[in-house]
>>> print(open('upload-v6.txt').read())   # compact mmCIF, C-alpha atoms
# COMPACT_ATOMS: atom_id res chain seq x y z
CA MET A 416 0.00 0.00 0.00
CA THR A 417 1.29 3.46 -0.88
CA LYS A 418 0.43 6.76 0.85
CA THR A 419 -0.37 9.87 -1.18
CA VAL A 420 -2.05 13.22 -0.56
CA ILE A 421 -4.83 14.04 -2.99
CA ALA A 422 -6.65 17.38 -2.57
CA THR A 423 -5.46 17.63 1.08
CA THR A 424 -6.96 14.25 2.00
CA GLU A 425 -4.49 11.55 2.76
CA HIS A 426 -5.11 8.49 0.63
CA VAL A 427 -3.60 5.08 0.49
CA SER A 428 -3.37 3.30 -2.80
CA THR A 429 -2.69 -0.04 -4.35
CA ALA A 430 -2.15 -1.09 -7.93
CA ILE A 431 -4.14 -3.94 -9.47
CA ALA A 432 -2.58 -5.45 -12.58
CA ILE A 433 -4.80 -7.60 -14.79
CA GLY A 434 -4.07 -8.56 -18.37
CA GLY A 435 -0.86 -6.53 -18.37
CA VAL A 436 -2.81 -3.35 -17.53
CA THR A 437 -2.15 -1.71 -14.16
CA VAL A 438 -4.94 0.23 -12.48
CA ARG A 439 -4.00 2.19 -9.34
CA VAL A 440 -6.85 2.82 -6.93
CA HIS A 441 -6.69 5.44 -4.17
CA ALA A 442 -8.96 5.52 -1.12
CA SER A 443 -8.93 7.26 2.24
CA ASP A 444 -9.75 4.08 4.16
CA PRO A 445 -6.74 1.77 4.66
CA VAL A 446 -9.01 -1.06 5.85
CA PHE A 447 -10.84 -0.99 2.52
CA LEU A 448 -7.55 -1.05 0.64
CA GLN A 449 -6.39 -4.02 2.71
CA MET A 450 -9.61 -5.80 1.78
CA LEU A 451 -8.86 -5.15 -1.90
CA GLU A 452 -5.30 -6.40 -1.53
CA GLN A 453 -6.61 -9.64 -0.04
CA ARG A 454 -9.30 -10.03 -2.70
CA TYR A 455 -6.86 -9.37 -5.53
CA GLU A 456 -3.95 -11.25 -3.99
CA GLY A 457 -1.44 -12.11 -6.68
CA PHE A 458 -2.63 -9.20 -8.81
CA THR A 459 -1.67 -6.26 -6.55
CA GLY A 460 1.58 -4.50 -5.91
CA ASP A 461 3.26 -1.20 -5.12
CA TRP A 462 4.52 -0.64 -8.63
CA GLU A 463 5.61 2.95 -9.28
CA SER A 464 3.98 3.22 -12.66
CA SER A 465 0.38 2.57 -13.54
CA ASP A 466 -1.65 2.77 -16.71
CA TYR A 467 -4.83 4.13 -15.11
CA GLU A 468 -5.70 5.88 -11.82
CA PHE A 469 -8.98 5.90 -9.90
CA ILE A 470 -9.86 7.72 -6.69
CA ILE A 471 -12.52 5.84 -4.74
CA ASP A 472 -14.92 8.04 -2.76
CA LEU A 473 -16.45 5.78 -0.14
CA VAL A 474 -20.07 6.40 0.90
CA THR A 475 -22.14 5.00 3.77
CA PRO A 476 -23.15 1.35 3.20
CA GLY A 477 -26.72 1.12 1.94
CA ALA A 478 -26.70 4.65 0.54
CA THR A 479 -28.12 4.94 -2.96
CA VAL A 480 -25.24 5.90 -5.19
CA SER A 481 -27.13 5.93 -8.45
CA ALA A 482 -30.86 6.22 -9.07
CA ASP A 483 -30.49 3.73 -11.90
CA GLU A 484 -30.57 0.17 -10.49
CA GLY A 485 -29.59 -1.41 -13.79
CA LEU A 486 -26.12 -1.04 -15.22
CA ARG A 487 -25.48 1.79 -17.67
CA VAL A 488 -22.16 2.41 -19.37
CA ARG A 489 -22.19 5.39 -21.70
CA ARG A 490 -20.00 8.07 -23.13
CA ASP A 491 -20.78 11.62 -22.04
CA GLY A 492 -18.61 14.09 -23.89
CA GLY A 493 -15.08 12.83 -23.43
CA LEU A 494 -15.91 10.84 -20.30
CA TRP A 495 -17.10 7.34 -19.71
CA LYS A 496 -19.91 7.17 -17.15
CA LEU A 497 -20.58 3.91 -15.37
CA GLU A 498 -23.67 3.65 -13.16
CA ARG A 499 -25.44 0.97 -11.21
CA GLY A 500 -27.44 1.17 -7.98
CA ASP A 501 -24.36 0.42 -5.88
CA PHE A 502 -21.76 2.53 -7.69
CA SER A 503 -21.16 5.39 -10.05
CA ALA A 504 -17.91 6.12 -11.81
CA GLU A 505 -16.52 8.66 -14.22
CA TRP A 506 -13.46 7.99 -16.26
CA ASP A 507 -11.48 10.11 -18.69
CA PRO A 508 -9.74 7.80 -21.18
CA VAL A 509 -7.42 10.61 -22.30
CA SER A 510 -6.02 11.53 -18.88
CA ARG A 511 -6.48 7.86 -17.91
CA SER A 512 -7.95 8.84 -14.56
CA GLY A 513 -11.32 8.79 -12.89
CA HIS A 514 -13.45 8.62 -9.75
CA ILE A 515 -15.51 5.79 -8.32
CA ARG A 516 -18.27 6.38 -5.76
CA GLN A 517 -19.29 3.30 -3.80
CA SER A 518 -19.52 1.87 -0.29
CA ALA A 519 -16.63 -0.11 1.20
CA ASN A 520 -17.50 -3.41 -0.45
CA PRO A 521 -15.43 -5.48 -2.86
CA TYR A 522 -18.23 -6.24 -5.34
CA SER A 523 -18.72 -2.73 -6.72
CA ILE A 524 -15.04 -2.17 -7.50
CA ASP A 525 -14.93 -5.66 -8.99
CA SER A 526 -17.68 -4.71 -11.45
CA VAL A 527 -16.05 -1.37 -12.23
CA LEU A 528 -12.73 -3.06 -12.96
CA ARG A 529 -14.35 -5.58 -15.29
CA ILE A 530 -16.13 -2.81 -17.19
CA VAL A 531 -12.99 -0.67 -17.40
CA HIS A 532 -11.06 -3.61 -18.81
CA THR A 533 -13.77 -4.32 -21.40
CA LEU A 534 -13.52 -0.70 -22.53
CA ILE A 535 -9.73 -0.72 -22.65
CA LEU A 536 -9.67 -3.96 -24.63
CA ALA A 537 -12.38 -2.82 -27.05
CA THR A 538 -10.65 0.54 -27.60
CA ASN A 539 -7.24 -0.99 -28.17
CA GLY A 540 -8.74 -3.77 -30.29
CA GLY A 541 -8.13 -7.47 -30.54
CA GLY A 542 -9.12 -8.57 -27.06
CA PHE A 543 -12.11 -9.07 -24.81
CA LEU A 544 -13.42 -10.68 -21.64
CA LEU A 545 -15.34 -13.91 -22.03
CA HIS A 546 -17.66 -15.92 -19.78
CA ALA A 547 -15.26 -18.84 -19.64
CA ALA A 548 -13.02 -20.77 -17.33
CA SER A 549 -9.42 -20.92 -18.49
CA ALA A 550 -6.31 -22.85 -17.65
CA VAL A 551 -2.72 -23.39 -18.73
CA ARG A 552 -1.32 -26.84 -19.42
CA ASN A 553 2.10 -27.57 -20.92
CA GLY A 554 2.59 -23.86 -21.56
CA ARG A 555 -0.61 -23.48 -23.60
CA ALA A 556 -3.87 -21.87 -22.54
CA PHE A 557 -7.37 -23.29 -23.02
CA PHE A 558 -10.72 -21.55 -22.62
CA PHE A 559 -13.87 -23.38 -21.51
CA ALA A 560 -16.79 -21.16 -22.44
CA GLY A 561 -20.40 -21.38 -21.46
CA VAL A 562 -23.26 -19.75 -19.65
CA SER A 563 -23.96 -20.39 -15.96
CA GLY A 564 -24.42 -24.11 -15.37
CA ALA A 565 -22.45 -25.16 -18.45
CA GLY A 566 -19.65 -26.55 -16.30
CA LYS A 567 -17.01 -23.82 -16.02
CA THR A 568 -16.49 -24.29 -12.29
CA THR A 569 -16.89 -28.08 -12.57
CA ILE A 570 -14.09 -28.45 -15.12
CA SER A 571 -11.93 -26.11 -13.05
CA ARG A 572 -12.44 -28.26 -9.94
CA LEU A 573 -11.53 -31.39 -11.92
CA ALA A 574 -8.20 -29.97 -13.13
CA PRO A 575 -5.18 -32.17 -12.29
CA PRO A 576 -2.22 -30.74 -10.33
CA ASP A 577 -0.13 -29.85 -13.39
CA VAL A 578 -2.82 -27.42 -14.61
CA ARG A 579 -2.63 -23.74 -13.66
CA LEU A 580 -6.10 -22.20 -13.39
CA LEU A 581 -6.47 -18.71 -14.83
CA THR A 582 -10.11 -18.28 -13.73
CA ASP A 583 -13.30 -20.30 -13.35
CA GLU A 584 -15.57 -17.48 -14.54
CA ILE A 585 -14.19 -14.52 -16.55
CA SER A 586 -11.39 -15.15 -19.03
CA TYR A 587 -9.14 -12.50 -20.49
CA VAL A 588 -7.70 -12.64 -24.02
CA ARG A 589 -5.51 -10.15 -25.85
CA LYS A 590 -4.14 -10.14 -29.35
CA GLU A 591 -0.43 -9.46 -29.25
CA ALA A 592 2.52 -9.85 -31.55
CA GLY A 593 2.68 -13.55 -32.25
CA GLY A 594 -0.94 -14.37 -31.57
CA TYR A 595 -3.59 -14.49 -28.89
CA TYR A 596 -2.66 -14.66 -25.22
CA ALA A 597 -4.79 -15.69 -22.26
CA TYR A 598 -4.24 -13.96 -18.94
CA GLY A 599 -5.20 -14.99 -15.45
CA THR A 600 -7.87 -12.91 -13.73
CA PRO A 601 -8.98 -12.41 -10.13
CA PHE A 602 -12.61 -12.56 -11.30
CA ALA A 603 -13.82 -15.77 -9.70
CA GLY A 604 -17.07 -17.70 -9.96
CA GLU A 605 -18.33 -20.43 -7.65
CA LEU A 606 -14.75 -21.53 -7.00
CA ALA A 607 -14.35 -18.26 -5.05
CA LYS A 608 -10.63 -18.27 -5.79
CA ALA A 609 -8.62 -15.88 -7.93
CA GLY A 610 -6.81 -17.33 -10.91
CA GLU A 611 -3.04 -17.38 -11.26
CA ASN A 612 -1.53 -14.17 -12.58
CA VAL A 613 0.20 -15.71 -15.58
CA LYS A 614 -0.19 -15.53 -19.35
CA ALA A 615 0.12 -18.14 -22.08
CA PRO A 616 -0.64 -18.44 -25.78
CA LEU A 617 -4.26 -19.41 -26.38
CA ALA A 618 -4.30 -22.87 -27.97
CA ALA A 619 -8.04 -23.57 -28.17
CA VAL A 620 -11.47 -22.52 -27.04
CA TYR A 621 -13.88 -25.23 -25.96
CA LEU A 622 -17.62 -24.67 -25.83
CA LEU A 623 -18.81 -26.68 -22.86
CA ALA A 624 -21.61 -29.21 -22.95
CA GLN A 625 -22.26 -31.98 -20.45
CA GLY A 626 -23.09 -35.40 -21.85
CA ALA A 627 -22.82 -39.17 -21.50
CA ASP A 628 -19.21 -39.39 -22.69
CA ASN A 629 -16.13 -37.28 -23.25
CA ARG A 630 -15.57 -36.08 -26.78
CA ILE A 631 -14.41 -33.10 -28.80
CA ASP A 632 -16.29 -32.10 -31.97
CA ASP A 633 -15.39 -29.60 -34.64
CA ILE A 634 -18.04 -26.97 -35.29
CA PRO A 635 -18.54 -24.55 -38.20
CA ARG A 636 -16.80 -21.20 -37.77
CA ALA A 637 -20.05 -19.25 -37.94
CA GLU A 638 -21.52 -21.35 -35.13
CA ALA A 639 -18.34 -20.80 -33.13
CA ALA A 640 -18.55 -17.03 -33.63
CA ARG A 641 -22.20 -16.96 -32.59
CA ALA A 642 -21.44 -18.97 -29.45
CA LEU A 643 -18.52 -16.76 -28.46
CA LEU A 644 -20.45 -13.56 -29.11
CA ARG A 645 -23.14 -14.80 -26.72
CA ASN A 646 -20.46 -15.12 -24.02
CA VAL A 647 -18.45 -11.94 -24.58
CA LEU A 648 -18.73 -9.38 -21.80
CA PHE A 649 -19.43 -5.90 -23.08
CA PHE A 650 -21.67 -3.35 -21.46
CA ALA A 651 -21.18 0.03 -23.14
CA GLU A 652 -23.90 1.73 -25.15
CA ASP A 653 -21.46 2.55 -27.92
CA SER A 654 -22.02 1.14 -31.38
CA GLU A 655 -18.46 1.82 -32.53
CA LEU A 656 -16.96 -0.22 -29.72
CA VAL A 657 -19.64 -2.91 -30.04
CA HIS A 658 -18.58 -3.28 -33.67
CA ARG A 659 -14.93 -3.53 -32.66
CA VAL A 660 -15.75 -6.29 -30.20
CA PHE A 661 -17.76 -8.06 -32.91
CA HIS A 662 -14.79 -7.96 -35.31
CA ALA A 663 -12.32 -8.96 -32.58
CA THR A 664 -14.43 -12.01 -31.73
CA CYS A 665 -14.84 -13.07 -35.36
CA GLU A 666 -11.12 -12.59 -35.95
CA LEU A 667 -10.23 -14.80 -33.00
CA VAL A 668 -12.45 -17.54 -34.44
CA GLU A 669 -10.43 -17.33 -37.66
CA HIS A 670 -7.13 -17.87 -35.82
CA VAL A 671 -7.85 -20.03 -32.79
CA PRO A 672 -9.58 -23.44 -32.96
CA VAL A 673 -13.03 -23.37 -31.37
CA ARG A 674 -14.53 -26.79 -30.65
CA ARG A 675 -17.35 -28.31 -28.65
CA LEU A 676 -16.21 -30.24 -25.57
CA THR A 677 -18.84 -32.64 -24.32
CA PHE A 678 -17.83 -34.08 -20.98
CA VAL A 679 -18.82 -36.34 -18.15
CA PRO A 680 -18.13 -34.49 -14.91
CA ASP A 681 -15.13 -36.50 -13.78
CA ALA A 682 -11.36 -36.02 -14.06
CA ARG A 683 -10.97 -38.11 -17.25
CA VAL A 684 -12.04 -35.11 -19.32
CA TRP A 685 -8.60 -33.60 -18.74
CA GLU A 686 -7.03 -36.46 -20.74
CA PHE A 687 -8.47 -34.64 -23.77
CA ILE A 688 -6.90 -31.29 -22.85
CA GLN A 689 -3.20 -31.43 -23.65
CA MET B 834 -40.34 8.33 -62.94
CA SER B 835 -38.48 5.10 -62.29
CA ASP B 836 -40.02 2.17 -60.41
CA MET B 837 -36.55 0.76 -59.72
CA ARG B 838 -35.62 0.03 -56.12
CA TYR B 839 -32.16 0.58 -54.74
CA VAL B 840 -30.62 -1.01 -51.69
CA ALA B 841 -27.64 0.08 -49.61
CA ARG B 842 -25.94 -1.48 -46.62
CA SER B 843 -26.42 0.55 -43.45
CA THR B 844 -23.23 2.13 -42.21
CA LYS B 845 -24.42 1.54 -38.65
CA VAL B 846 -23.85 -2.20 -38.68
CA ALA B 847 -20.78 -4.39 -38.48
CA ALA B 848 -20.61 -7.20 -41.01
CA ARG B 849 -18.13 -9.95 -41.67
CA MET B 850 -18.02 -13.20 -43.60
CA VAL B 851 -17.36 -16.00 -41.11
CA GLY B 852 -17.10 -19.44 -42.63
CA ASP B 853 -19.96 -19.63 -45.13
CA GLU B 854 -22.23 -17.12 -43.40
CA MET B 855 -22.36 -13.34 -43.53
CA MET B 856 -22.67 -12.26 -39.93
CA ILE B 857 -24.12 -8.84 -39.25
CA MET B 858 -24.40 -7.06 -35.93
CA SER B 859 -27.02 -4.36 -35.71
CA GLY B 860 -25.82 -1.00 -34.51
CA ARG B 861 -29.30 -0.36 -33.15
CA ASP B 862 -29.43 -3.04 -30.46
CA SER B 863 -26.44 -5.36 -31.07
CA THR B 864 -28.71 -8.10 -32.41
CA LEU B 865 -26.80 -10.65 -34.46
CA PHE B 866 -28.02 -11.74 -37.89
CA ALA B 867 -26.63 -14.46 -40.15
CA LEU B 868 -27.21 -14.51 -43.91
CA ASN B 869 -26.88 -17.62 -46.05
CA GLY B 870 -24.87 -17.64 -49.26
CA THR B 871 -27.60 -16.22 -51.53
CA ALA B 872 -28.52 -13.47 -49.10
CA ALA B 873 -24.84 -12.67 -48.61
CA ILE B 874 -24.44 -12.08 -52.36
CA LEU B 875 -27.32 -9.62 -52.26
CA TRP B 876 -25.87 -7.95 -49.17
CA GLU B 877 -22.44 -7.49 -50.73
CA ALA B 878 -23.96 -6.08 -53.92
CA ALA B 879 -26.15 -3.57 -52.09
CA ASP B 880 -24.10 -0.51 -53.01
CA GLY B 881 -26.96 1.99 -53.21
CA VAL B 882 -26.53 2.65 -56.93
CA THR B 883 -27.24 -0.74 -58.53
CA PRO B 884 -30.97 -1.42 -58.91
CA LEU B 885 -32.22 -4.45 -56.99
CA GLU B 886 -33.46 -5.98 -60.23
CA ASP B 887 -29.96 -5.81 -61.72
CA ILE B 888 -28.46 -7.39 -58.60
CA VAL B 889 -30.91 -10.28 -58.84
CA THR B 890 -30.34 -10.75 -62.57
CA ARG B 891 -26.57 -10.36 -62.68
CA ARG B 892 -25.50 -11.75 -59.33
CA ILE B 893 -28.11 -14.24 -58.16
CA CYS B 894 -29.66 -15.66 -61.34
CA ALA B 895 -26.20 -15.87 -62.89
CA THR B 896 -24.95 -17.93 -59.95
CA PHE B 897 -27.95 -20.08 -59.08
CA ASP B 898 -30.39 -21.97 -61.27
CA VAL B 899 -33.42 -19.92 -60.33
CA GLU B 900 -36.29 -18.35 -62.25
CA PRO B 901 -35.80 -14.53 -62.33
CA ALA B 902 -39.34 -13.56 -61.28
CA ALA B 903 -39.26 -15.89 -58.29
CA ALA B 904 -35.75 -14.74 -57.37
CA PHE B 905 -36.84 -11.11 -57.52
CA ARG B 906 -39.86 -11.79 -55.27
CA ASP B 907 -37.63 -13.54 -52.73
CA ALA B 908 -35.08 -10.72 -52.91
CA GLU B 909 -37.76 -8.09 -52.33
CA GLU B 910 -39.02 -9.99 -49.31
CA LEU B 911 -35.48 -10.30 -47.95
CA VAL B 912 -34.56 -6.64 -48.38
CA GLU B 913 -37.83 -5.59 -46.72
CA GLN B 914 -36.94 -7.79 -43.73
CA LEU B 915 -33.38 -6.50 -43.52
CA ALA B 916 -34.56 -2.92 -43.87
CA GLY B 917 -37.04 -3.54 -41.06
CA HIS B 918 -34.10 -4.44 -38.81
CA GLY B 919 -32.16 -1.37 -39.91
CA LEU B 920 -29.51 -3.37 -41.75
CA LEU B 921 -30.36 -2.16 -45.26
CA LEU B 922 -31.66 1.12 -46.66
CA LEU B 923 -34.30 1.12 -49.42
CA SER B 924 -34.88 3.91 -51.87
CA ASP B 925 -36.66 4.62 -55.16
CA GLY B 926 -33.51 6.34 -56.42
CA PRO B 927 -29.76 5.84 -56.22
CA MET B 928 -28.30 6.67 -52.83
CA VAL B 929 -25.16 8.67 -52.22
CA ALA B 930 -22.67 7.72 -49.53
CA GLY B 931 -23.43 9.31 -46.18
CA ALA B 932 -27.10 9.83 -46.98
CA GLU B 933 -28.21 7.64 -44.09
CA PRO B 934 -30.39 9.52 -41.60
CA ASP B 935 -29.03 9.66 -38.04
CA SER B 936 -31.55 7.64 -36.06
CA SER B 937 -29.66 8.24 -32.82
CA CYS B 938 -30.79 11.88 -32.65
>>> encode(input="upload-v6.txt", output="structure tokens")
Amino acid sequence: MTKTVIATTEHVSTAIAIGGVTVRVHASDPVFLQMLEQRYEGFTGDWESSDYEFIIDLVTPGATVSADEGLRVRRDGGLWKLERGDFSAEWDPVSRSGHIRQSANPYSIDSVLRIVHTLILATNGGGFLLHAASAVRNGRAFFFAGVSGAGKTTISRLAPPDVRLLTDEISYVRKEAGGYYAYGTPFAGELAKAGENVKAPLAAVYLLAQGADNRIDDIPRAEAARALLRNVLFFAEDSELVHRVFHATCELVEHVPVRRLTFVPDARVWEFIQ
Amino acid sequence: MSDMRYVARSTKVAARMVGDEMMIMSGRDSTLFALNGTAAILWEAADGVTPLEDIVTRRICATFDVEPAAAFRDAEELVEQLAGHGLLLLSDGPMVAGAEPDSSC
């Protein structure tokens, strides 16, 4: 944790690095920052430099932060405005800084971070967040995509010891020189455990289905694109960025094998993932 | 006065050929549409200046063994549907680039 003085109020800060992007968050409450450091263990540090800065203004628990209960992410002039009943945030992508207003809970900041990352990835192009578990085996990353109940947490729990779990819920992919890379995220599902903060080249995406036996089937590219688009996380009311995410998803399908993985929920399924 | 109809792709959609389907994402509500091979030919030819009848004759009837009148009826039905979703623009005259009204206002 680092101490700084912002507008005469002493703040403490910590940096949260996900997907190679470092977001520094400042808050006046050191207990809240400690909670974040525990929640994002493995993804936080006192690095000097950061890509983005947010000041968190903490409000009384239970206070209505935004009149809008549902999530809204929109551009207002040069600013991004993020609003949900439990938080509101403003973010200037040019100065790379913003404010978050929320109570001292870890869920609001978690949502804000996910949204900020979806915007950064869409703006920079080539990457996105996906409803998928992911893991690294033999130096190669695999995504296991599906809606709730498809088996993301189940296949994560079944992983043998040589597998490094990147997440059981929200996967992170970026296009870089040399191809697509999967990154670990702290965004956990039912496993309630952050992924490992490592990256690896993305070898395949599996669309999860549970069945009577274990098998992998090829699927047409168009079907693969439709399935992935259903699982991409993107929240902003911004047609230009929506179109970029659409193209990024279709492009990934052209370069990374996407297959259907039907599995029986026991450890033998991992014999197919090499 | 001409009774020709002209069709143009909306500039407010994202479209891409994926495998053998033309995938189109609406800029209006992010709905995803998929066009089969015949519809994709029509979509790609919808430049705003070529009459629909010419597109059907030169691009569809020349590629598929189909009777022109029937192909034209099917094409008209398709472009009406796509226009209803905001993916295509229909006009009685040729359309110039950038003529699309801004529905976001």
>>> residues_around(input="upload-v6.txt", residues="Glu584 of chain A", least_positions_apart="4", cutoff="7 Å", atoms="only C-alpha atoms", output="PyMOL selection string")
chain A and resi 546-548+567+602-604
>>> residues_around(input="upload-v6.txt", residues="Leu923 of chain B", least_positions_apart="5", cutoff="8 Å", atoms="all atoms listed in the file", output="PyMOL selection string")
chain B and resi 838-841+912+916
>>> interface_residues(input="upload-v6.txt", of="chain A", to="chain B", cutoff="6 Å", atoms="only C-alpha atoms", output="MDAnalysis selection string")
chainID A and resid 636:637 654 658
>>> residues_around(input="upload-v6.txt", residues="Leu911 of chain B", least_positions_apart="4", cutoff="12 Å", atoms="all atoms listed in the file", output="PDB file with C-alpha atoms, in the coordinates of the input")
ATOM      1  CA  VAL B 840     -30.620  -1.010 -51.690  1.00  0.00           C
ATOM      2  CA  LEU B 868     -27.210 -14.510 -43.910  1.00  0.00           C
ATOM      3  CA  ASN B 869     -26.880 -17.620 -46.050  1.00  0.00           C
ATOM      4  CA  THR B 871     -27.600 -16.220 -51.530  1.00  0.00           C
ATOM      5  CA  ALA B 872     -28.520 -13.470 -49.100  1.00  0.00           C
ATOM      6  CA  ALA B 873     -24.840 -12.670 -48.610  1.00  0.00           C
ATOM      7  CA  LEU B 875     -27.320  -9.620 -52.260  1.00  0.00           C
ATOM      8  CA  TRP B 876     -25.870  -7.950 -49.170  1.00  0.00           C
ATOM      9  CA  LEU B 885     -32.220  -4.450 -56.990  1.00  0.00           C
ATOM     10  CA  VAL B 889     -30.910 -10.280 -58.840  1.00  0.00           C
ATOM     11  CA  ALA B 904     -35.750 -14.740 -57.370  1.00  0.00           C
ATOM     12  CA  PHE B 905     -36.840 -11.110 -57.520  1.00  0.00           C
ATOM     13  CA  ARG B 906     -39.860 -11.790 -55.270  1.00  0.00           C
ATOM     14  CA  ASP B 907     -37.630 -13.540 -52.730  1.00  0.00           C
ATOM     15  CA  LEU B 915     -33.380  -6.500 -43.520  1.00  0.00           C
ATOM     16  CA  ALA B 916     -34.560  -2.920 -43.870  1.00  0.00           C
ATOM     17  CA  GLY B 917     -37.040  -3.540 -41.060  1.00  0.00           C
ATOM     18  CA  HIS B 918     -34.100  -4.440 -38.810  1.00  0.00           C
ATOM     19  CA  LEU B 920     -29.510  -3.370 -41.750  1.00  0.00           C
ATOM     20  CA  LEU B 921     -30.360  -2.160 -45.260  1.00  0.00           C
ATOM     21  CA  LEU B 923     -34.300   1.120 -49.420  1.00  0.00           C
TER      22      LEU B 923
END
>>> closest_residue(input="upload-v6.txt", among="A:Leu473, A:Leu676, A:Ala618, A:Ala651", to="Pro521 of chain A", atoms="only C-alpha atoms")
A:Leu473
>>> decode(input="upload-v6.txt", residues="segment 890-913 of chain B", atoms="C-alpha atoms", output="PDB file, in the first residue's frame")
ATOM      1  CA  THR B 890     -30.343 -10.751 -62.574  1.00  0.00           C
ATOM      2  CA  ARG B 891     -26.570 -10.355 -62.685  1.00  0.00           C
ATOM      3  CA  ARG B 892     -25.499 -11.748 -59.332  1.00  0.00           C
ATOM      4  CA  ILE B 893     -28.107 -14.239 -58.157  1.00  0.00           C
ATOM      5  CA  CYS B 894     -29.660 -15.663 -61.336  1.00  0.00           C
ATOM      6  CA  ALA B 895     -26.204 -15.867 -62.894  1.00  0.00           C
ATOM      7  CA  THR B 896     -24.949 -17.926 -59.951  1.00  0.00           C
ATOM      8  CA  PHE B 897     -27.950 -20.077 -59.081  1.00  0.00           C
ATOM      9  CA  ASP B 898     -30.385 -21.968 -61.267  1.00  0.00           C
ATOM     10  CA  VAL B 899     -33.423 -19.915 -60.327  1.00  0.00           C
ATOM     11  CA  GLU B 900     -36.289 -18.347 -62.246  1.00  0.00           C
ATOM     12  CA  PRO B 901     -35.805 -14.530 -62.327  1.00  0.00           C
ATOM     13  CA  ALA B 902     -39.345 -13.564 -61.281  1.00  0.00           C
ATOM     14  CA  ALA B 903     -39.262 -15.894 -58.295  1.00  0.00           C
ATOM     15  CA  ALA B 904     -35.747 -14.739 -57.368  1.00  0.00           C
ATOM     16  CA  PHE B 905     -36.840 -11.115 -57.523  1.00  0.00           C
ATOM     17  CA  ARG B 906     -39.859 -11.788 -55.266  1.00  0.00           C
ATOM     18  CA  ASP B 907     -37.625 -13.540 -52.729  1.00  0.00           C
ATOM     19  CA  ALA B 908     -35.082 -10.721 -52.909  1.00  0.00           C
ATOM     20  CA  GLU B 909     -37.757  -8.087 -52.333  1.00  0.00           C
ATOM     21  CA  GLU B 910     -39.017  -9.988 -49.309  1.00  0.00           C
ATOM     22  CA  LEU B 911     -35.476 -10.304 -47.952  1.00  0.00           C
ATOM     23  CA  VAL B 912     -34.559  -6.638 -48.378  1.00  0.00           C
ATOM     24  CA  GLU B 913     -37.828  -5.593 -46.717  1.00  0.00           C
TER      25      GLU B 913
END
